[in-house]
>>> print(open('structure_33.txt').read())   # compact mmCIF, C-alpha atoms
# COMPACT_ATOMS: atom_id res chain seq x y z
CA MET A 1 75.33 16.55 -38.37
CA PHE A 2 77.56 13.55 -37.70
CA ASP A 3 81.33 13.68 -37.99
CA GLN A 4 83.20 11.61 -40.59
CA ASN A 5 84.24 8.81 -38.24
CA THR A 6 80.70 8.33 -36.94
CA LEU A 7 79.34 8.28 -40.49
CA ALA A 8 81.90 5.63 -41.43
CA VAL A 9 80.61 3.36 -38.66
CA ILE A 10 76.95 4.03 -39.53
CA PHE A 11 77.37 3.29 -43.24
CA VAL A 12 79.57 0.24 -42.78
CA SER A 13 76.93 -1.09 -40.33
CA LEU A 14 74.18 -0.52 -42.89
CA MET A 15 76.31 -2.21 -45.53
CA GLY A 16 76.90 -5.13 -43.17
CA LEU A 17 73.17 -5.45 -42.51
CA ALA A 18 72.42 -5.46 -46.24
CA THR A 19 75.12 -8.08 -46.88
CA LEU A 20 73.86 -10.35 -44.11
CA MET A 21 70.26 -10.03 -45.29
CA TYR A 22 71.34 -10.91 -48.81
CA ALA A 23 73.40 -13.91 -47.68
CA VAL A 24 70.45 -15.28 -45.70
CA LEU A 25 67.53 -14.45 -47.99
CA ASP A 26 69.05 -14.91 -51.42
CA GLY A 27 71.17 -17.69 -49.92
CA TYR A 28 68.20 -19.96 -49.32
CA ASP A 29 66.66 -19.37 -52.75
CA LEU A 30 70.03 -19.97 -54.43
CA GLY A 31 70.20 -23.15 -52.37
CA VAL A 32 66.75 -24.21 -53.57
CA GLY A 33 67.91 -23.57 -57.14
CA ILE A 34 71.02 -25.70 -56.62
CA LEU A 35 68.87 -28.55 -55.28
CA LEU A 36 66.24 -28.28 -58.05
CA PRO A 37 65.58 -31.79 -59.48
CA LEU A 38 65.69 -32.23 -63.25
CA ASP A 39 63.86 -35.56 -63.29
CA ASN A 40 60.81 -34.70 -61.20
CA GLU A 41 58.64 -31.90 -62.58
CA THR A 42 56.18 -31.98 -59.67
CA ASP A 43 58.90 -31.49 -57.04
CA ALA A 44 60.57 -28.83 -59.18
CA ASP A 45 57.30 -26.89 -59.44
CA THR A 46 56.79 -27.12 -55.66
CA MET A 47 60.32 -25.90 -54.96
CA ILE A 48 59.94 -23.00 -57.38
CA ALA A 49 56.60 -22.12 -55.77
CA SER A 50 58.25 -22.03 -52.33
CA ILE A 51 60.59 -19.20 -53.39
CA GLY A 52 58.36 -17.58 -56.01
CA PRO A 53 56.99 -14.70 -53.89
CA PHE A 54 60.42 -13.82 -52.46
CA TRP A 55 63.39 -14.60 -54.71
CA ASP A 56 63.37 -11.45 -56.86
CA ALA A 57 62.99 -9.08 -53.90
CA ASN A 58 65.76 -10.90 -52.01
CA GLU A 59 68.31 -9.58 -54.52
CA THR A 60 67.38 -6.02 -53.51
CA TRP A 61 69.78 -6.42 -50.58
CA LEU A 62 72.70 -7.07 -52.94
CA VAL A 63 71.93 -3.88 -54.85
CA LEU A 64 71.68 -1.96 -51.58
CA ALA A 65 75.00 -3.32 -50.25
CA ILE A 66 76.88 -2.43 -53.45
CA GLY A 67 75.18 0.97 -53.59
CA LEU A 68 76.21 1.77 -50.02
CA LEU A 69 79.78 0.71 -50.78
CA LEU A 70 79.83 3.01 -53.81
CA ILE A 71 78.44 6.13 -52.15
CA ALA A 72 80.03 5.78 -48.70
CA PHE A 73 83.39 4.18 -49.53
CA PRO A 74 84.12 5.02 -53.18
CA THR A 75 87.86 4.26 -52.95
CA ALA A 76 87.15 0.80 -51.53
CA HIS A 77 84.45 0.25 -54.17
CA SER A 78 86.99 0.89 -56.91
CA ILE A 79 89.58 -1.49 -55.42
CA VAL A 80 87.08 -4.26 -54.67
CA LEU A 81 85.32 -4.28 -58.05
CA GLN A 82 88.58 -3.99 -59.95
CA ALA A 83 89.94 -7.03 -58.12
CA LEU A 84 86.70 -9.00 -58.49
CA TYR A 85 85.77 -7.96 -62.02
CA ILE A 86 85.85 -11.46 -63.55
CA PRO A 87 84.01 -13.43 -60.80
CA CYS A 88 81.54 -10.54 -60.44
CA THR A 89 80.81 -10.78 -64.17
CA PHE A 90 80.14 -14.51 -63.85
CA MET A 91 77.84 -13.82 -60.88
CA LEU A 92 75.82 -11.26 -62.84
CA ILE A 93 75.52 -13.64 -65.80
CA ALA A 94 74.33 -16.35 -63.41
CA LEU A 95 71.72 -14.07 -61.81
CA ILE A 96 70.46 -13.10 -65.28
CA MET A 97 70.24 -16.81 -66.17
CA ARG A 98 68.11 -17.38 -63.09
CA GLY A 99 65.77 -14.49 -63.86
CA VAL A 100 65.26 -15.52 -67.47
CA ALA A 101 64.79 -19.20 -66.63
CA PHE A 102 62.30 -18.45 -63.85
CA ASP A 103 59.98 -16.61 -66.25
CA PHE A 104 60.57 -18.72 -69.37
CA ARG A 105 59.89 -22.04 -67.63
CA ALA A 106 56.30 -20.83 -67.19
CA LYS A 107 55.89 -20.07 -70.90
CA ALA A 108 57.92 -22.87 -72.46
CA ILE A 109 56.30 -25.86 -74.05
CA VAL A 110 56.54 -29.04 -72.01
CA ALA A 111 59.50 -30.34 -74.02
CA HIS A 112 61.57 -27.24 -73.15
CA LYS A 113 60.62 -26.86 -69.50
CA ARG A 114 63.39 -29.15 -68.30
CA SER A 115 65.93 -27.09 -70.26
CA TRP A 116 64.92 -23.95 -68.42
CA ASP A 117 65.03 -25.81 -65.11
CA THR A 118 68.61 -26.75 -66.02
CA VAL A 119 69.43 -23.12 -66.73
CA PHE A 120 67.94 -22.08 -63.38
CA LYS A 121 69.92 -24.77 -61.56
CA LEU A 122 73.20 -23.90 -63.31
CA GLY A 123 72.63 -20.19 -62.71
CA SER A 124 72.09 -20.82 -59.00
CA LEU A 125 75.22 -22.98 -58.78
CA LEU A 126 77.37 -20.51 -60.72
CA ALA A 127 76.17 -17.54 -58.64
CA SER A 128 76.94 -19.40 -55.40
CA LEU A 129 80.41 -20.46 -56.54
CA ALA A 130 81.20 -16.94 -57.76
CA GLN A 131 80.10 -15.36 -54.47
CA GLY A 132 82.15 -17.84 -52.46
CA TYR A 133 85.18 -17.28 -54.68
CA MET A 134 84.87 -13.51 -54.26
CA LEU A 135 84.60 -13.91 -50.50
CA GLY A 136 87.76 -16.00 -50.47
CA LEU A 137 89.72 -13.46 -52.49
CA TYR A 138 88.44 -10.67 -50.25
CA VAL A 139 89.55 -12.47 -47.09
CA MET A 140 93.01 -12.98 -48.63
CA GLY A 141 93.29 -9.25 -49.37
CA PHE A 142 93.05 -9.83 -53.15
CA ASN A 143 96.47 -11.43 -53.15
CA ASN A 144 97.18 -12.95 -56.57
CA SER A 145 99.14 -15.92 -55.24
CA PHE A 146 98.38 -19.61 -55.82
CA GLU A 147 97.51 -19.99 -52.12
CA SER A 148 94.96 -17.15 -52.33
CA HIS A 149 93.18 -18.67 -55.29
CA GLY A 150 93.27 -22.08 -53.62
CA PHE A 151 91.62 -20.59 -50.55
CA ALA A 152 89.07 -18.86 -52.80
CA VAL A 153 88.17 -22.23 -54.33
CA LEU A 154 87.72 -23.68 -50.82
CA SER A 155 85.54 -20.69 -49.94
CA ALA A 156 83.47 -21.16 -53.13
CA ILE A 157 82.73 -24.76 -52.19
CA GLY A 158 81.96 -23.76 -48.59
CA VAL A 159 79.52 -21.00 -49.56
CA THR A 160 77.78 -23.28 -52.05
CA ALA A 161 77.40 -25.92 -49.34
CA ALA A 162 76.11 -23.29 -46.91
CA TYR A 163 73.51 -22.08 -49.44
CA SER A 164 72.47 -25.68 -50.06
CA PHE A 165 72.13 -26.14 -46.29
CA ILE A 166 69.90 -23.12 -45.75
CA GLY A 167 67.99 -23.91 -48.96
CA SER A 168 67.25 -27.46 -47.83
CA ALA A 169 66.30 -26.14 -44.37
CA TRP A 170 63.85 -23.80 -46.12
CA LEU A 171 62.33 -26.75 -47.99
CA VAL A 172 62.04 -28.75 -44.75
CA MET A 173 59.97 -25.87 -43.37
CA LYS A 174 57.90 -25.13 -46.50
CA THR A 175 57.15 -28.55 -48.04
CA GLU A 176 55.41 -31.76 -47.05
CA ASP A 177 55.43 -35.53 -47.58
CA ALA A 178 58.05 -37.09 -49.89
CA LEU A 179 59.70 -33.79 -50.87
CA GLN A 180 60.08 -32.80 -47.23
CA LYS A 181 61.72 -36.15 -46.47
CA LYS A 182 64.18 -35.61 -49.33
CA ALA A 183 64.92 -32.12 -48.00
CA ILE A 184 65.58 -33.52 -44.51
CA SER A 185 68.04 -36.03 -45.94
CA VAL A 186 69.87 -33.35 -47.96
CA CYS A 187 69.88 -30.98 -44.99
CA LYS A 188 71.53 -33.64 -42.80
CA SER A 189 74.35 -33.98 -45.31
CA THR A 190 74.83 -30.29 -46.02
CA VAL A 191 74.83 -29.29 -42.35
CA ILE A 192 77.92 -31.47 -41.87
CA ILE A 193 79.65 -30.12 -44.99
CA THR A 194 78.83 -26.54 -43.97
CA PHE A 195 80.27 -27.11 -40.50
CA LEU A 196 83.49 -28.49 -41.97
CA GLY A 197 83.68 -25.57 -44.40
CA ILE A 198 83.20 -22.88 -41.74
CA PHE A 199 85.65 -24.66 -39.43
CA SER A 200 88.29 -24.86 -42.18
CA VAL A 201 87.88 -21.24 -43.28
CA SER A 202 88.05 -20.05 -39.65
CA LEU A 203 91.29 -21.95 -39.05
CA VAL A 204 92.85 -20.57 -42.23
CA ASN A 205 91.91 -17.03 -41.19
CA LEU A 206 93.64 -17.47 -37.83
CA PHE A 207 96.80 -18.87 -39.40
CA ILE A 208 97.18 -16.32 -42.21
CA SER A 209 96.55 -13.24 -40.08
CA PRO A 210 98.31 -12.66 -36.73
CA GLU A 211 96.09 -9.58 -36.23
CA ILE A 212 92.93 -11.68 -36.38
CA TYR A 213 94.44 -14.24 -34.01
CA LEU A 214 95.27 -11.51 -31.49
CA LYS A 215 91.77 -10.04 -31.76
CA TRP A 216 90.15 -13.33 -30.84
CA PHE A 217 92.57 -14.57 -28.21
CA THR A 218 93.63 -11.42 -26.34
CA PHE A 219 92.25 -10.95 -22.82
CA PRO A 220 89.62 -9.64 -21.97
CA TYR A 221 88.00 -9.79 -25.45
CA ALA A 222 88.60 -13.55 -25.58
CA LEU A 223 86.13 -14.04 -22.71
CA ILE A 224 83.38 -12.58 -24.90
CA LEU A 225 84.47 -13.85 -28.31
CA ILE A 226 85.54 -17.44 -27.69
CA PRO A 227 81.97 -18.54 -26.77
CA ILE A 228 80.75 -17.39 -30.22
CA PRO A 229 82.26 -20.28 -32.25
CA LEU A 230 81.27 -22.70 -29.46
CA ILE A 231 77.67 -21.49 -29.62
CA CYS A 232 77.76 -21.71 -33.41
CA ALA A 233 79.05 -25.30 -33.21
CA SER A 234 76.27 -26.16 -30.76
CA PHE A 235 73.69 -24.88 -33.27
CA PHE A 236 75.11 -27.28 -35.86
CA VAL A 237 74.79 -30.18 -33.43
CA LEU A 238 71.27 -29.20 -32.38
CA CYS A 239 70.24 -28.80 -36.01
CA TRP A 240 71.50 -32.30 -36.84
CA PHE A 241 69.58 -33.86 -33.93
CA VAL A 242 66.43 -31.95 -34.86
CA LEU A 243 66.72 -33.28 -38.41
CA LYS A 244 67.09 -36.81 -37.04
CA ARG A 245 63.87 -36.33 -35.07
CA LEU A 246 62.08 -34.83 -38.08
CA GLU A 247 62.70 -38.04 -39.99
CA CYS A 248 60.20 -39.67 -37.61
CA LYS A 249 57.96 -36.68 -36.87
CA PRO A 250 58.20 -34.27 -39.84
CA ASN A 251 55.32 -32.06 -38.69
CA ILE A 252 56.78 -31.09 -35.31
CA GLY A 253 59.44 -28.39 -35.32
CA ALA A 254 59.90 -28.25 -39.11
CA SER A 255 60.95 -24.59 -38.89
CA LEU A 256 63.78 -25.26 -36.42
CA PRO A 257 66.47 -26.21 -39.00
CA PHE A 258 65.87 -22.94 -40.85
CA ILE A 259 66.03 -20.98 -37.57
CA PHE A 260 69.32 -22.69 -36.70
CA ALA A 261 70.61 -21.87 -40.19
CA LEU A 262 69.73 -18.19 -39.66
CA LEU A 263 71.57 -18.17 -36.33
CA ILE A 264 74.62 -19.92 -37.84
CA PHE A 265 74.77 -17.48 -40.77
CA SER A 266 74.42 -14.50 -38.40
CA LEU A 267 77.13 -15.66 -35.98
CA SER A 268 79.50 -16.55 -38.83
CA PHE A 269 78.96 -13.15 -40.42
CA PHE A 270 79.53 -11.39 -37.10
CA GLY A 271 82.76 -13.32 -36.59
CA LEU A 272 83.99 -12.43 -40.07
CA ALA A 273 83.02 -8.76 -39.68
CA PHE A 274 84.69 -8.49 -36.28
CA SER A 275 87.85 -10.16 -37.57
CA PHE A 276 88.40 -7.49 -40.23
CA PHE A 277 86.93 -4.37 -38.65
CA PRO A 278 87.84 -1.54 -39.22
CA GLU A 279 89.42 -2.71 -42.50
CA ILE A 280 87.13 -2.52 -45.50
CA VAL A 281 89.81 -3.82 -47.87
CA PRO A 282 91.83 -6.33 -45.81
CA GLY A 283 95.43 -5.26 -45.33
CA LYS A 284 95.03 -2.17 -47.51
CA LEU A 285 92.29 0.24 -46.46
CA THR A 286 90.27 1.03 -43.34
CA ILE A 287 86.80 2.56 -43.23
CA TRP A 288 88.35 5.77 -41.86
CA GLN A 289 90.59 6.07 -44.91
CA ALA A 290 87.95 5.14 -47.47
CA VAL A 291 84.90 7.05 -46.19
CA ALA A 292 83.46 9.80 -48.39
CA ALA A 293 83.05 13.47 -47.44
CA PRO A 294 80.82 14.03 -44.39
CA GLU A 295 78.76 16.71 -46.15
CA SER A 296 77.47 14.28 -48.78
CA LEU A 297 77.05 11.39 -46.35
CA ASN A 298 75.01 13.46 -43.89
CA PHE A 299 72.63 14.25 -46.74
CA LEU A 300 72.52 10.66 -48.01
CA LEU A 301 71.93 9.33 -44.51
CA TRP A 302 68.39 10.72 -44.58
CA GLY A 303 67.68 8.67 -47.69
CA ALA A 304 69.18 5.56 -46.10
CA LEU A 305 67.03 6.05 -42.99
CA ILE A 306 63.96 5.95 -45.23
CA VAL A 307 64.99 3.25 -47.71
CA VAL A 308 66.39 0.64 -45.31
CA PRO A 309 63.38 0.53 -42.91
CA THR A 310 61.06 0.49 -45.95
CA ILE A 311 62.80 -2.55 -47.42
CA LEU A 312 62.80 -4.25 -44.00
CA ALA A 313 59.08 -3.55 -43.57
CA TYR A 314 58.25 -4.81 -47.06
CA THR A 315 60.34 -7.94 -46.50
CA ALA A 316 58.66 -8.67 -43.16
CA PHE A 317 55.22 -8.08 -44.67
CA SER A 318 55.81 -10.34 -47.67
CA TYR A 319 57.04 -13.20 -45.48
CA ARG A 320 54.07 -12.75 -43.17
CA VAL A 321 51.62 -12.94 -46.09
CA PHE A 322 53.21 -16.01 -47.69
CA TRP A 323 54.15 -17.84 -44.49
CA GLY A 324 53.23 -21.47 -43.98
CA LYS A 325 53.46 -24.50 -46.25
CA VAL A 326 53.85 -23.85 -49.96
CA ASP A 327 50.76 -23.72 -52.17
CA GLU A 328 50.44 -25.11 -55.68
CA LEU A 329 52.61 -23.27 -58.23
CA ARG A 330 50.78 -20.44 -60.00
CA TYR A 331 52.06 -17.80 -62.41
CA TYR A 332 50.27 -14.49 -62.63
>>> encode(input="structure_33.txt", output="structure tokens")
Amino acid sequence: MFDQNTLAVIFVSLMGLATLMYAVLDGYDLGVGILLPLDNETDADTMIASIGPFWDANETWLVLAIGLLLIAFPTAHSIVLQALYIPCTFMLIALIMRGVAFDFRAKAIVAHKRSWDTVFKLGSLLASLAQGYMLGLYVMGFNNSFESHGFAVLSAIGVTAAYSFIGSAWLVMKTEDALQKKAISVCKSTVIITFLGIFSVSLVNLFISPEIYLKWFTFPYALILIPIPLICASFFVLCWFVLKRLECKPNIGASLPFIFALLIFSLSFFGLAFSFFPEIVPGKLTIWQAVAAPESLNFLLWGALIVVPTILAYTAFSYRVFWGKVDELRYY
């Protein structure tokens, strides 16, 4: 039996893992959706085929993260969803649009296929913007000021660019020939935009919160933490140079941009999580204040210890089976 404080750390860690997995896995397939061409059916089919075996299961991590928030931190769940009700509604509508379009494009007559591709593209874009907007409001502590909503808009653009970056990196790894060259070109542009977005959001966080500034720049923690953004910046630079090389030799190291994107997402998430820990609602509620009763969480922990490794194992297995360059699009 774990005590309440230990359970709070365990469940917020599981929730953090689920959130990171969602941002990475659903991030790249949202990015592919954003980049979906509407004037090239062959490329669109190839791009859809590259995410076909994975995209639906990727959203499992979003369900898990929200479920863990509900059962482990019910007070925080109430505050967060109440504050994010409208953008969350838009996100759900967008995800439904994606699901419907993905299936209907396979059954539509040729004249309507482009329409469903448009729906899939718009759903991906709307979901990305909504998630970025929600992240921005969360970082600002759900403040209803003009500045907070302005920051949320900046965050929405940054997250959309980041998803486009990891989505194009996925296509660099999974596709070949002309489509791969297009993906390399897009990835070169989005890696710069993503860097500027992360840099801007990081600076804003430091300026708006003295507590975060002290966390990052107080000795001795600064000796450990300051290298993190420097390492992250170096991954951006390395990724850009790798993409430059791939323009000449696209078959050597095609997976490296996606690996760099994974590392960048992970370091950025760690930095964000560290900045706000132990707050689960910035400026309002800590995990110690919001955690549920230890009796129920000790029981639910057994379920989490079964469900989370099972999802991880299934995810690893599915990516192992469908690894390599994308095959021709097929619907079963």
>>> atom_distance(input="structure_33.txt", atom1="CA of Gly197 in chain A", atom2="CA of Cys239 in chain A")
16.2 Å
>>> residues_around(input="structure_33.txt", residues="Leu256 in chain A", least_positions_apart="3", cutoff="8 Å", atoms="all atoms listed in the file", output="list of chain:residue names")
A:Met173, A:Cys239, A:Val242, A:Gly253, A:Ile259, A:Phe260
>>> write_last_selection(input="structure_33.txt", atoms="C-alpha atoms", output="PDB file, in the frame of the given file")
ATOM      1  CA  MET A 173      59.970 -25.870 -43.370  1.00  0.00           C
ATOM      2  CA  CYS A 239      70.240 -28.800 -36.010  1.00  0.00           C
ATOM      3  CA  VAL A 242      66.430 -31.950 -34.860  1.00  0.00           C
ATOM      4  CA  GLY A 253      59.440 -28.390 -35.320  1.00  0.00           C
ATOM      5  CA  ILE A 259      66.030 -20.980 -37.570  1.00  0.00           C
ATOM      6  CA  PHE A 260      69.320 -22.690 -36.700  1.00  0.00           C
TER       7      PHE A 260
END
>>> closest_residue(input="structure_33.txt", among="A:Cys248, A:Leu225, A:Ala293, A:Val201", to="Ile184 in chain A", atoms="only C-alpha atoms")
A:Cys248
>>> closest_residue(input="structure_33.txt", among="A:Gly67, A:Asp56, A:Gly303, A:Lys215", to="Phe277 in chain A", atoms="all atoms listed in the file")
A:Lys215
>>> closest_residue(input="structure_33.txt", among="A:Phe54, A:Trp116, A:Phe236, A:Phe299", to="Ile198 in chain A", atoms="all atoms listed in the file")
A:Phe236
>>> residues_around(input="structure_33.txt", residues="Ile280 in chain A", least_positions_apart="5", cutoff="8 Å", atoms="all atoms listed in the file", output="list in words")
Ala76, Leu285, Thr286, Ile287 and Ala290 of chain A
>>> write_last_selection(input="structure_33.txt", atoms="C-alpha atoms", output="short mmCIF file (atom, residue, chain, number, x, y, z; two decimals), in the coordinates of the input")
data_model
loop_
_atom_site.label_atom_id
_atom_site.label_comp_id
_atom_site.auth_asym_id
_atom_site.auth_seq_id
_atom_site.Cartn_x
_atom_site.Cartn_y
_atom_site.Cartn_z
CA ALA A 76 87.15 0.80 -51.53
CA LEU A 285 92.29 0.24 -46.46
CA THR A 286 90.27 1.03 -43.34
CA ILE A 287 86.80 2.56 -43.23
CA ALA A 290 87.95 5.14 -47.47
#
>>> closest_atom_pairs(input="structure_33.txt", of="range 63-86 of chain A", to="range 127-138 of chain A", cutoff="9 Å", atoms="only C-alpha atoms", output="CSV")
residue,atom,partner,partner_atom,distance
A:Val80,CA,A:Tyr138,CA,7.9
A:Ala83,CA,A:Leu137,CA,8.5
A:Leu84,CA,A:Met134,CA,6.4
>>> closest_residue(input="structure_33.txt", among="A:Val204, A:Leu297, A:Tyr319, A:Phe195", to="Gly150 in chain A", atoms="only C-alpha atoms")
A:Val204
>>> atom_distance(input="structure_33.txt", atom1="CA of Asn205 in chain A", atom2="CA of Leu262 in chain A")
22.3 Å
>>> atom_distance(input="structure_33.txt", atom1="CA of Leu171 in chain A", atom2="CA of Gly31 in chain A")
9.7 Å
>>> closest_residue(input="structure_33.txt", among="A:Tyr85, A:Phe102, A:Tyr163, A:Trp61", to="Ala44 in chain A", atoms="all atoms listed in the file")
A:Phe102
>>> residues_around(input="structure_33.txt", residues="Ala169 in chain A", least_positions_apart="4", cutoff="7 Å", atoms="all atoms listed in the file", output="list in words")
Phe165, Met173, Cys187, Pro257 and Phe258 of chain A
>>> closest_residue(input="structure_33.txt", among="A:Leu68, A:Leu230, A:Val172, A:Phe207", to="Ile10 in chain A", atoms="all atoms listed in the file")
A:Leu68
>>> residues_around(input="structure_33.txt", residues="Val237 in chain A", least_positions_apart="2", cutoff="12 Å", atoms="only C-alpha atoms", output="number ranges by chain")
A: 188, 191-192, 194-195, 230-235, 239-244, 257, 260-261, 264
>>> residues_around(input="structure_33.txt", residues="Ala8 in chain A", least_positions_apart="5", cutoff="10 Å", atoms="only C-alpha atoms", output="VMD selection string")
chain A and resid 2 to 3 13 to 14 72 to 73 278 286 to 294 297
>>> residues_near_point(input="structure_33.txt", point="(86.5, -31.2, -50.0)", cutoff="10 Å", atoms="only C-alpha atoms", output="number ranges by chain")
A: 154, 157-158, 193, 196-197
>>> axis_aligned_box(input="structure_33.txt", around="range 160-164 of chain A", padding_each_side="6 Å", output="AutoDock Vina command-line options")
--center_x 75.1 --center_y -24.0 --center_z -49.5 --size_x 17.3 --size_y 15.8 --size_z 17.1
